[in-house]
Amino acid sequence: MPLPFLTADGVFDAHDDEALPHADPERWRRPYRPGPWRVAGAAVLLLLSAFMLLATVIIAFAGTWGGAGIALGASLLVVGTALRILRAGVWVSPSGLRRVGFFGTRSIRWNEIAGIRTVQQPVRWLGLPRTVQGQALTLDRRDGAEPSVLLTDHGADFLARGEAFDRAAGSLEAWAREYRAVPA
């Protein structure tokens, strides 16, 4: 049985239908894999929620249903947080580009985008206030708004994975070229 995720040449291609779990081209998809920092953070939260659920069962067997309800709610909140962390990122479809953050989601149609380009600038390290010099993939809007940062090479998806950042930036730029109303 072939295991393509174990091979070094198993490069992820967002336009390859076999790499997608569905065949519908109209669905939103992330043109890159979540990075190890994002997956590790979510895994730690899911491990914590497993212990919280075990504590919920122990509290319920002790007979304090109010405490068990609070513990269950807290553990479900941690599970939801882990899932939201995994979902965060940039998603694309033929209708536009969607930036999913922890607290909100913003969608932009392709015809509202003037360009997507990679620039050298100070970027946040793992989303923390500390900034370092790095690369950022920025989105220029047609309405003249200030360029917004889509991805950085020091984010949770691409820290110490420069080649993956280059592939993701190239893929997003290709989506923009293909679906924008005005060519670059």
# chains A, B, ... in the order shown; residues from 1 in each chain; ligands from 1
>>> residues_around(residues="Ile113 of chain A", least_positions_apart="2", cutoff="6 Å", atoms="only C-alpha atoms", output="list in words")
Trp110, Asn111, Gly115, Arg141 and Arg142 of chain A
>>> residues_around(residues="segment 159-176 of chain A", least_positions_apart="5", cutoff="6 Å", atoms="only C-alpha atoms", output="PyMOL selection string")
chain A and resi 32+116+153-154
>>> residues_around(residues="Gln121 of chain A", least_positions_apart="3", cutoff="12 Å", atoms="only C-alpha atoms", output="PyMOL selection string")
chain A and resi 118+124+131-138+149+152-154
>>> residues_around(residues="Arg106 of chain A", least_positions_apart="3", cutoff="10 Å", atoms="only C-alpha atoms", output="list in words")
Val90, Leu97, Arg98, Arg99, Val100 and Gly101 of chain A
>>> atom_distance(atom1="atom CA of Thr81 of chain A", atom2="atom CA of Val39 of chain A")
12.3 Å
